Amino acid sequence: MMRISILFAAALVLIACGDSGSKRTVDYSGNTSGQVFYSYPADGQTQVSVHAPVVVQFSEARNIAPANITLAGPDGPVEVDVTEADEWRSVIVTPREALAFNSEYTLSVNGVSLTGLEDGTLSFTTASAQEGPHVEQVLSDELVISRRMPFGDDQPFMDFSTIHLQFSQPLDRTTVDNTTVSLKDARGNRVAATLLVDGTRVTLDPKNDLTPGSEYTLQLDGALTSETGVAYSGENSITLIPQDSAPRETLVLEVMAADPTKECNASGVMLSPLSGDPINCVPLISKLLGDDTSAKLSGDVFAELGFIPNYPDAAPLRIRKGSVLKGESLDVLIVGELPASFDSGEVTVSFLSDASGYLSVAPYSTAHEAPRRVQLTLDLAFSTADSRANGAFTQTLLQVELVGRAIVVDGRMVIDALGVVEPDVLGLETAFGVLSFHMESYQDQVNAPEPEVDITGPGLQSWQPGDYVDRFRPGDPVVLNFDEIPNQDTIIPGTTVRLTQQGAQVPFQWRLDGASLVLTPDAPLEFGADYQVVFTDGIQDLSGNPANPRTLDFTMVDATTTSGARTPYTTTVYPGFPCAINPGSENLANGIQGQCVSAYQDDVGDFLPVPPLPANRSIEVQFSRNIDPDSMKLGSACGQGSVRVEKIDTAGNCLDVVPAHLTLETRKLTITPQQPWEDGTLYRYVLASHERAGCAGDVICSQDNMPLQTAQLLGPDADEGGPNMAIAFTGAPPSDNVLLPLRNLPKSDVNANFELEDTELKATEEPPGSGLYPSPTNAAKLAVTDVGGLVTAANIGCNINDTCPADKFTYLNGGIIADIAGWDEAEQALKVILYPPVLMTTNTSVYAQIAGLVSPNVPTEPLVMRGRYEEDESGNRTQPLIGWIRYDEEEDQLMFELTLDLLLDAPEMEAPLGLPFNLHGYPMDDLQLLGPVDFLADGRLVISLLSMADQNIDVRIGGPVATIDLQLPTGGVNLTFQSGSIKKPQ
């Protein structure tokens, strides 16, 4: 088919200016000083990233002093850096800190009127937050459409248009389907369309072109709700009449790498005339990756142009769904310094819907040489060839907006545009990068490249749980990571993808995030049950190629409780320390939280500090067992509800209840405040329980009807709860550290009842026949080194004269909260702030010979190992722990090092003859831990730590009457911490 036609010629005529010689077609020599030809963001643009630069391109070079440029927002002028591009035709204004969410900003230049802009200034409004305080995530209390594209005279609705909607609040994606958001034709029939949703954004892409001139209705139903349960209350029916784009022409454009032989940040690469940055590089700036990670993109784009003579002011264009750009492999460097020992493999960027946009008249200038403005909205998916990188980074990015300019150079249409991408990193942090997009039409459109033919379908690259079922827990989603992007429209639960339990269908919610298919069962998966995941060749890629079908079997680990169940407890809390506080020990006015309540209060140990909580963070709690969601009742008044957040005074009196929203996963609670925490203000969050069995009243309970245990040091019965866990904290400024909640997985005490059941795994001989029993993951080995007093012999795990090497271990259960703080130049390491953990251990049997007589087994019962804060300048333990991640060149391995001080308690142990003993607040300081940092095939991070020195525990019963010296030998403590699923449940 002939590509050069009247349409392409018309496009060039509309865009071109000046002569058609060998030099740049646009001639700026006769322009009026100060005329604006281009800006990013566009004047009046909304939903602009808070990380966006502000770019103004003039008709001629303007060397403007930075002092004359003002970017002002709701709190006044913003500190900025000013740079230039295109020989000072472009002025780039970069805020030194991220802008405020949901806020209007204005750029002005002292002494220069930005000609063509209203009032001579450039104004735009920033986007909502994706997380953090609720007020930053919403535009209004009502759920309505806040923006619709295309809309208005400069964005005519075409027969090939994709509908992009933005809402005033993040949507509950389970309520977004073709019954709540749909396009219907004049007869009321639903139009087949791809429906994409993420946060506040929804894309509706008709599968076939619409009929020009026919009336269509965009319908939205009140069953559409926000994440906080607000029902849609906006316009229910929106009439749309598509205009005719025919006859169309396909324009082939080349997206070229900045320089095929060099890295993006190398000198001499091709730079964008708008931003001054390398073209077609996807930069990712984040705490986890640093600021030097970027991938070069290249490929061909096949843009369909509407009949331009009919649309001289806004020529419509489309890039079809399934288009692909490729990027070169990039090294994965933690904080830009530490090699993760793998690279991404080839990066693929796929178009999930028809990208639609316009070539519009210059918005600010009437000069005939002013470049056309390009507006393009893209729904993209990222994937990588390496499974570890793909599991960690693959994702969907909806409604990436590019704003650019189009000119003609040597008979070729040249488009430069800017936009901001904000991908997630490891499911923990939102990175950002300014994409300087550049493409040029092939001069010979007759012989331009044809679209590449894709003949391979999606194959499974990795999956969760995969080979790591022992790291999988109820509430975790099943995740299938494909090696290319599946077509969402071919995923049909129960047909092309099935989840079954011993042959019976398991209902689930699903979503596609990049190349990851995330399945969230309606009810948490059951311990000990057999499951099967099947996907068929009915799943296709965006080119229609069938998937390579697979049948995946897994069995959940057994959690049989022959020894009886225990109440649930908090494995981690943030902020604070997971224990109920002895009320008489508080001193909030001086920053003292108090001491954990204990049956041995005189020996309980450290006073805990009142921690800060950054304004941009939520409260997060992890539990040891599945929690009953109906027991989570948010209090609306002081003293009410099983969960509440209160503003308090220094005497601990409740002044007011903080409005908040609860998000409950099977074993995790997130409390998101309505407003940011106020700097320096004292708060308290309460997790309610009671010191008895049962779940009557406002009490947090497990799904098996057991109350939350908040005070293990009281030595409660197995079915009893505890006093309310009330944790005070102070509001603090926002933090850009990355919060990393970690779980102890895999672990032997699966059911968290502090007993090692026959069905739970214990230490094994490795290698077989060696006589060696290394510490399993999340276990500690105990050895007797000496005895004294009336004790003449002792043994761990079995009788005095017996040998039982597999029974000399106690098994650990808990977690830890880490804060990735960034690169430390002096240490040449990544600094990690850790908040002291609490580790619960299983019961261990101690046998002793006392006064020549062999006593019966003395069970330790559950031991409590409490991490201690570090000392401050005054010697008080108020500071979090510091760990370091370094790169070991010899091993080509990231290594984590940490020194941990602990307090050891045996609150339920009964010594012989009822004698007192010293395992109450017993200090175990200087536990040195070291081990590798790795990534599973699905992208999850794993830290495996072994003890580097012997740790002694000198047990004293009745003072010197009976002594048993125990030891945790070198390598005897094995702590394995793992990040949660990269993909959050539905």
# chains A, B, ... in the order shown; residues from 1 in each chain; ligands from 1
$ select_by_dssp --residues "region 801-947 of chain A" --states "helix (DSSP H, G or I)" --output "PyMOL selection string"
chain A and resi 805-807+912-914
$ closest_atom_pairs --of "region 700-792 of chain A" --to "region 824-833 of chain A" --cutoff "10 Å" --atoms "only C-alpha atoms" --output "CSV"
residue,atom,partner,partner_atom,distance
A:Asn737,CA,A:Ile833,CA,9.4
A:Val738,CA,A:Val832,CA,9.5
A:Leu739,CA,A:Ile833,CA,9.4
A:Leu740,CA,A:Val832,CA,9.7
$ write_last_selection --atoms "C-alpha atoms" --output "PDB file, in the first residue's frame"
ATOM      1  CA  ASN A 737      13.543   6.135  52.868  1.00  0.00           C
ATOM      2  CA  VAL A 738      12.031   2.873  51.643  1.00  0.00           C
ATOM      3  CA  LEU A 739      10.093   0.908  54.253  1.00  0.00           C
ATOM      4  CA  LEU A 740      10.740  -2.823  53.908  1.00  0.00           C
TER       5      LEU A 740
END
$ closest_residue --among "A:Thr194, A:Val645, A:Leu210, A:Leu183" --to "Ser237 (chain A)" --atoms "only C-alpha atoms"
A:Leu183
$ residues_around --residues "Gly457 (chain A)" --least-positions-apart "2" --cutoff "6 Å" --atoms "only C-alpha atoms" --output "number ranges by chain"
A: 541, 545-547
$ residues_around --residues "Gly528 (chain A)" --least-positions-apart "5" --cutoff "12 Å" --atoms "only C-alpha atoms" --output "PDB file with C-alpha atoms, in the first residue's frame"
ATOM      1  CA  VAL A 469       5.867 -23.264  48.840  1.00  0.00           C
ATOM      2  CA  ASP A 470       7.465 -23.167  52.306  1.00  0.00           C
ATOM      3  CA  PHE A 472       4.046 -19.012  50.903  1.00  0.00           C
ATOM      4  CA  ARG A 473       1.318 -18.122  53.399  1.00  0.00           C
ATOM      5  CA  PRO A 474      -2.469 -17.698  53.387  1.00  0.00           C
ATOM      6  CA  GLN A 501      -8.313 -27.349  45.327  1.00  0.00           C
ATOM      7  CA  GLN A 502      -8.290 -31.121  44.974  1.00  0.00           C
ATOM      8  CA  PHE A 554       1.569 -27.136  44.761  1.00  0.00           C
ATOM      9  CA  THR A 555       0.704 -28.207  48.290  1.00  0.00           C
ATOM     10  CA  MET A 556       0.458 -25.708  51.098  1.00  0.00           C
ATOM     11  CA  VAL A 557       2.680 -26.526  54.066  1.00  0.00           C
ATOM     12  CA  ASP A 558       1.010 -28.420  56.884  1.00  0.00           C
ATOM     13  CA  ALA A 559      -0.055 -26.462  59.955  1.00  0.00           C
ATOM     14  CA  THR A 560      -1.704 -29.234  61.999  1.00  0.00           C
ATOM     15  CA  THR A 561      -1.995 -28.263  65.665  1.00  0.00           C
ATOM     16  CA  VAL A 750       4.174 -22.973  60.641  1.00  0.00           C
ATOM     17  CA  ASN A 751       1.117 -22.763  62.906  1.00  0.00           C
ATOM     18  CA  THR A 759       4.213 -32.569  60.729  1.00  0.00           C
ATOM     19  CA  GLU A 760       6.606 -29.617  60.975  1.00  0.00           C
TER      20      GLU A 760
END
$ closest_residue --among "A:Leu930, A:Leu196, A:Val434, A:Val55" --to "Met895 (chain A)" --atoms "only C-alpha atoms"
A:Leu930
$ residues_around --residues "region 266-281 of chain A" --least-positions-apart "5" --cutoff "7 Å" --atoms "only C-alpha atoms" --output "list in words"
Gln57, Glu84, Ala85, Asp86, Ser90, Ile92, Ala257, Ala258, Asp259, Ser294, Ala295, Lys296, Leu297, Leu435, Ser436, Phe437 and His438 of chain A
$ write_last_selection --atoms "C-alpha atoms" --output "PDB file, in the first residue's frame"
ATOM      1  CA  GLN A  57      10.916  26.568  24.732  1.00  0.00           C
ATOM      2  CA  GLU A  84      19.174  24.948  29.253  1.00  0.00           C
ATOM      3  CA  ALA A  85      18.879  22.926  26.062  1.00  0.00           C
ATOM      4  CA  ASP A  86      18.889  23.611  22.334  1.00  0.00           C
ATOM      5  CA  SER A  90      14.700  25.617  26.034  1.00  0.00           C
ATOM      6  CA  ILE A  92      14.395  23.646  32.079  1.00  0.00           C
ATOM      7  CA  ALA A 257      18.520   5.015  20.514  1.00  0.00           C
ATOM      8  CA  ALA A 258      20.451   8.025  21.753  1.00  0.00           C
ATOM      9  CA  ASP A 259      23.566   6.188  20.587  1.00  0.00           C
ATOM     10  CA  SER A 294      18.168   3.826  32.514  1.00  0.00           C
ATOM     11  CA  ALA A 295      17.339   1.734  29.479  1.00  0.00           C
ATOM     12  CA  LYS A 296      17.630   2.759  25.830  1.00  0.00           C
ATOM     13  CA  LEU A 297      14.492   2.252  23.779  1.00  0.00           C
ATOM     14  CA  LEU A 435      11.163  10.310  29.315  1.00  0.00           C
ATOM     15  CA  SER A 436      12.582  12.437  26.496  1.00  0.00           C
ATOM     16  CA  PHE A 437      10.789  10.782  23.594  1.00  0.00           C
ATOM     17  CA  HIS A 438      12.079  11.313  20.069  1.00  0.00           C
TER      18      HIS A 438
END
$ residues_around --residues "Arg148 (chain A)" --least-positions-apart "6" --cutoff "7 Å" --atoms "only C-alpha atoms" --output "PyMOL selection string"
chain A and resi 164-166
$ closest_residue --among "A:Leu881, A:Leu714, A:Leu251, A:Ala732" --to "Pro449 (chain A)" --atoms "only C-alpha atoms"
A:Leu251
$ decode --residues "region 934-980 of chain A" --atoms "N, CA and C atoms" --output "PDB file, in the first residue's frame"
ATOM      1  N   ASP A 934      19.870 -12.172  48.457  1.00  0.00           N
ATOM      2  CA  ASP A 934      19.572 -12.779  47.163  1.00  0.00           C
ATOM      3  C   ASP A 934      18.167 -12.401  46.712  1.00  0.00           C
ATOM      4  N   PHE A 935      17.861 -12.764  45.472  1.00  0.00           N
ATOM      5  CA  PHE A 935      16.538 -12.539  44.912  1.00  0.00           C
ATOM      6  C   PHE A 935      16.009 -13.862  44.374  1.00  0.00           C
ATOM      7  N   LEU A 936      14.771 -14.186  44.737  1.00  0.00           N
ATOM      8  CA  LEU A 936      14.130 -15.367  44.190  1.00  0.00           C
ATOM      9  C   LEU A 936      13.771 -15.120  42.727  1.00  0.00           C
ATOM     10  N   ALA A 937      13.414 -16.186  42.042  1.00  0.00           N
ATOM     11  CA  ALA A 937      13.088 -16.060  40.620  1.00  0.00           C
ATOM     12  C   ALA A 937      11.912 -15.132  40.380  1.00  0.00           C
ATOM     13  N   ASP A 938      11.011 -14.997  41.372  1.00  0.00           N
ATOM     14  CA  ASP A 938       9.859 -14.111  41.201  1.00  0.00           C
ATOM     15  C   ASP A 938      10.136 -12.697  41.692  1.00  0.00           C
ATOM     16  N   GLY A 939      11.394 -12.390  42.067  1.00  0.00           N
ATOM     17  CA  GLY A 939      11.780 -11.039  42.423  1.00  0.00           C
ATOM     18  C   GLY A 939      11.822 -10.739  43.901  1.00  0.00           C
ATOM     19  N   ARG A 940      11.317 -11.647  44.743  1.00  0.00           N
ATOM     20  CA  ARG A 940      11.345 -11.377  46.182  1.00  0.00           C
ATOM     21  C   ARG A 940      12.776 -11.365  46.716  1.00  0.00           C
ATOM     22  N   LEU A 941      13.014 -10.499  47.689  1.00  0.00           N
ATOM     23  CA  LEU A 941      14.331 -10.341  48.286  1.00  0.00           C
ATOM     24  C   LEU A 941      14.446 -11.235  49.504  1.00  0.00           C
ATOM     25  N   VAL A 942      15.596 -11.892  49.674  1.00  0.00           N
ATOM     26  CA  VAL A 942      15.837 -12.794  50.794  1.00  0.00           C
ATOM     27  C   VAL A 942      17.167 -12.435  51.441  1.00  0.00           C
ATOM     28  N   ILE A 943      17.161 -12.278  52.767  1.00  0.00           N
ATOM     29  CA  ILE A 943      18.368 -12.034  53.546  1.00  0.00           C
ATOM     30  C   ILE A 943      18.567 -13.230  54.468  1.00  0.00           C
ATOM     31  N   SER A 944      19.697 -13.920  54.340  1.00  0.00           N
ATOM     32  CA  SER A 944      19.983 -15.115  55.139  1.00  0.00           C
ATOM     33  C   SER A 944      21.170 -14.824  56.044  1.00  0.00           C
ATOM     34  N   LEU A 945      20.964 -14.863  57.356  1.00  0.00           N
ATOM     35  CA  LEU A 945      21.986 -14.459  58.322  1.00  0.00           C
ATOM     36  C   LEU A 945      22.387 -15.622  59.220  1.00  0.00           C
ATOM     37  N   LEU A 946      23.679 -15.767  59.451  1.00  0.00           N
ATOM     38  CA  LEU A 946      24.208 -16.727  60.403  1.00  0.00           C
ATOM     39  C   LEU A 946      24.991 -15.983  61.475  1.00  0.00           C
ATOM     40  N   SER A 947      24.998 -16.534  62.693  1.00  0.00           N
ATOM     41  CA  SER A 947      25.757 -15.928  63.785  1.00  0.00           C
ATOM     42  C   SER A 947      27.238 -16.158  63.566  1.00  0.00           C
ATOM     43  N   MET A 948      28.032 -15.126  63.820  1.00  0.00           N
ATOM     44  CA  MET A 948      29.457 -15.160  63.534  1.00  0.00           C
ATOM     45  C   MET A 948      30.318 -15.449  64.756  1.00  0.00           C
ATOM     46  N   ALA A 949      29.714 -15.579  65.922  1.00  0.00           N
ATOM     47  CA  ALA A 949      30.491 -15.851  67.147  1.00  0.00           C
ATOM     48  C   ALA A 949      29.619 -16.621  68.120  1.00  0.00           C
ATOM     49  N   ASP A 950      30.274 -17.283  69.085  1.00  0.00           N
ATOM     50  CA  ASP A 950      29.527 -17.991  70.117  1.00  0.00           C
ATOM     51  C   ASP A 950      28.765 -16.997  70.981  1.00  0.00           C
ATOM     52  N   GLN A 951      27.577 -17.401  71.410  1.00  0.00           N
ATOM     53  CA  GLN A 951      26.750 -16.572  72.299  1.00  0.00           C
ATOM     54  C   GLN A 951      26.400 -17.410  73.526  1.00  0.00           C
ATOM     55  N   ASN A 952      26.819 -16.964  74.698  1.00  0.00           N
ATOM     56  CA  ASN A 952      26.613 -17.725  75.923  1.00  0.00           C
ATOM     57  C   ASN A 952      25.343 -17.311  76.640  1.00  0.00           C
ATOM     58  N   ILE A 953      24.667 -18.297  77.231  1.00  0.00           N
ATOM     59  CA  ILE A 953      23.482 -18.066  78.058  1.00  0.00           C
ATOM     60  C   ILE A 953      23.712 -18.814  79.371  1.00  0.00           C
ATOM     61  N   ASP A 954      23.968 -18.088  80.417  1.00  0.00           N
ATOM     62  CA  ASP A 954      24.279 -18.697  81.714  1.00  0.00           C
ATOM     63  C   ASP A 954      23.008 -18.762  82.549  1.00  0.00           C
ATOM     64  N   VAL A 955      22.417 -19.958  82.624  1.00  0.00           N
ATOM     65  CA  VAL A 955      21.157 -20.146  83.343  1.00  0.00           C
ATOM     66  C   VAL A 955      21.464 -20.350  84.822  1.00  0.00           C
ATOM     67  N   ARG A 956      20.810 -19.568  85.680  1.00  0.00           N
ATOM     68  CA  ARG A 956      21.000 -19.661  87.127  1.00  0.00           C
ATOM     69  C   ARG A 956      19.653 -19.946  87.762  1.00  0.00           C
ATOM     70  N   ILE A 957      19.572 -21.098  88.455  1.00  0.00           N
ATOM     71  CA  ILE A 957      18.342 -21.508  89.123  1.00  0.00           C
ATOM     72  C   ILE A 957      18.574 -21.439  90.617  1.00  0.00           C
ATOM     73  N   GLY A 958      17.753 -20.586  91.277  1.00  0.00           N
ATOM     74  CA  GLY A 958      17.975 -20.384  92.706  1.00  0.00           C
ATOM     75  C   GLY A 958      19.314 -19.751  92.989  1.00  0.00           C
ATOM     76  N   GLY A 959      19.737 -18.849  92.126  1.00  0.00           N
ATOM     77  CA  GLY A 959      21.049 -18.236  92.260  1.00  0.00           C
ATOM     78  C   GLY A 959      22.127 -19.241  91.905  1.00  0.00           C
ATOM     79  N   PRO A 960      23.091 -19.479  92.804  1.00  0.00           N
ATOM     80  CA  PRO A 960      24.164 -20.438  92.509  1.00  0.00           C
ATOM     81  C   PRO A 960      23.793 -21.885  92.813  1.00  0.00           C
ATOM     82  N   VAL A 961      22.557 -22.113  93.258  1.00  0.00           N
ATOM     83  CA  VAL A 961      22.172 -23.468  93.664  1.00  0.00           C
ATOM     84  C   VAL A 961      22.322 -24.448  92.520  1.00  0.00           C
ATOM     85  N   ALA A 962      21.882 -24.044  91.339  1.00  0.00           N
ATOM     86  CA  ALA A 962      21.970 -24.920  90.172  1.00  0.00           C
ATOM     87  C   ALA A 962      22.274 -24.060  88.954  1.00  0.00           C
ATOM     88  N   THR A 963      23.298 -24.390  88.222  1.00  0.00           N
ATOM     89  CA  THR A 963      23.685 -23.603  87.053  1.00  0.00           C
ATOM     90  C   THR A 963      23.849 -24.502  85.842  1.00  0.00           C
ATOM     91  N   ILE A 964      23.386 -23.995  84.707  1.00  0.00           N
ATOM     92  CA  ILE A 964      23.574 -24.671  83.426  1.00  0.00           C
ATOM     93  C   ILE A 964      24.042 -23.618  82.436  1.00  0.00           C
ATOM     94  N   ASP A 965      25.210 -23.801  81.894  1.00  0.00           N
ATOM     95  CA  ASP A 965      25.745 -22.858  80.915  1.00  0.00           C
ATOM     96  C   ASP A 965      25.419 -23.376  79.512  1.00  0.00           C
ATOM     97  N   LEU A 966      24.626 -22.573  78.789  1.00  0.00           N
ATOM     98  CA  LEU A 966      24.237 -22.910  77.432  1.00  0.00           C
ATOM     99  C   LEU A 966      24.999 -22.036  76.451  1.00  0.00           C
ATOM    100  N   GLN A 967      25.003 -22.452  75.224  1.00  0.00           N
ATOM    101  CA  GLN A 967      25.683 -21.677  74.189  1.00  0.00           C
ATOM    102  C   GLN A 967      24.958 -21.802  72.860  1.00  0.00           C
ATOM    103  N   LEU A 968      24.848 -20.661  72.172  1.00  0.00           N
ATOM    104  CA  LEU A 968      24.475 -20.653  70.759  1.00  0.00           C
ATOM    105  C   LEU A 968      25.790 -20.602  70.004  1.00  0.00           C
ATOM    106  N   PRO A 969      26.237 -21.726  69.428  1.00  0.00           N
ATOM    107  CA  PRO A 969      27.570 -21.758  68.815  1.00  0.00           C
ATOM    108  C   PRO A 969      27.626 -20.925  67.539  1.00  0.00           C
ATOM    109  N   THR A 970      28.843 -20.631  67.121  1.00  0.00           N
ATOM    110  CA  THR A 970      29.050 -19.939  65.853  1.00  0.00           C
ATOM    111  C   THR A 970      28.317 -20.669  64.732  1.00  0.00           C
ATOM    112  N   GLY A 971      27.529 -19.928  63.989  1.00  0.00           N
ATOM    113  CA  GLY A 971      26.720 -20.527  62.934  1.00  0.00           C
ATOM    114  C   GLY A 971      25.457 -21.182  63.440  1.00  0.00           C
ATOM    115  N   GLY A 972      25.252 -21.173  64.762  1.00  0.00           N
ATOM    116  CA  GLY A 972      24.090 -21.847  65.331  1.00  0.00           C
ATOM    117  C   GLY A 972      22.792 -21.090  65.163  1.00  0.00           C
ATOM    118  N   VAL A 973      22.863 -19.763  65.001  1.00  0.00           N
ATOM    119  CA  VAL A 973      21.663 -18.953  64.782  1.00  0.00           C
ATOM    120  C   VAL A 973      21.520 -18.704  63.287  1.00  0.00           C
ATOM    121  N   ASN A 974      20.380 -19.076  62.742  1.00  0.00           N
ATOM    122  CA  ASN A 974      20.093 -18.899  61.313  1.00  0.00           C
ATOM    123  C   ASN A 974      18.804 -18.114  61.195  1.00  0.00           C
ATOM    124  N   LEU A 975      18.923 -16.856  60.812  1.00  0.00           N
ATOM    125  CA  LEU A 975      17.756 -15.993  60.619  1.00  0.00           C
ATOM    126  C   LEU A 975      17.605 -15.701  59.134  1.00  0.00           C
ATOM    127  N   THR A 976      16.451 -16.005  58.585  1.00  0.00           N
ATOM    128  CA  THR A 976      16.177 -15.724  57.176  1.00  0.00           C
ATOM    129  C   THR A 976      14.979 -14.790  57.086  1.00  0.00           C
ATOM    130  N   PHE A 977      15.208 -13.621  56.535  1.00  0.00           N
ATOM    131  CA  PHE A 977      14.156 -12.619  56.373  1.00  0.00           C
ATOM    132  C   PHE A 977      13.827 -12.485  54.895  1.00  0.00           C
ATOM    133  N   GLN A 978      12.548 -12.352  54.600  1.00  0.00           N
ATOM    134  CA  GLN A 978      12.096 -12.299  53.205  1.00  0.00           C
ATOM    135  C   GLN A 978      11.064 -11.204  53.024  1.00  0.00           C
ATOM    136  N   SER A 979      11.164 -10.497  51.903  1.00  0.00           N
ATOM    137  CA  SER A 979      10.139  -9.497  51.592  1.00  0.00           C
ATOM    138  C   SER A 979       8.851 -10.192  51.176  1.00  0.00           C
ATOM    139  N   GLY A 980       7.762  -9.470  51.249  1.00  0.00           N
ATOM    140  CA  GLY A 980       6.466 -10.019  50.856  1.00  0.00           C
ATOM    141  C   GLY A 980       6.352 -10.134  49.350  1.00  0.00           C
TER     142      GLY A 980
END
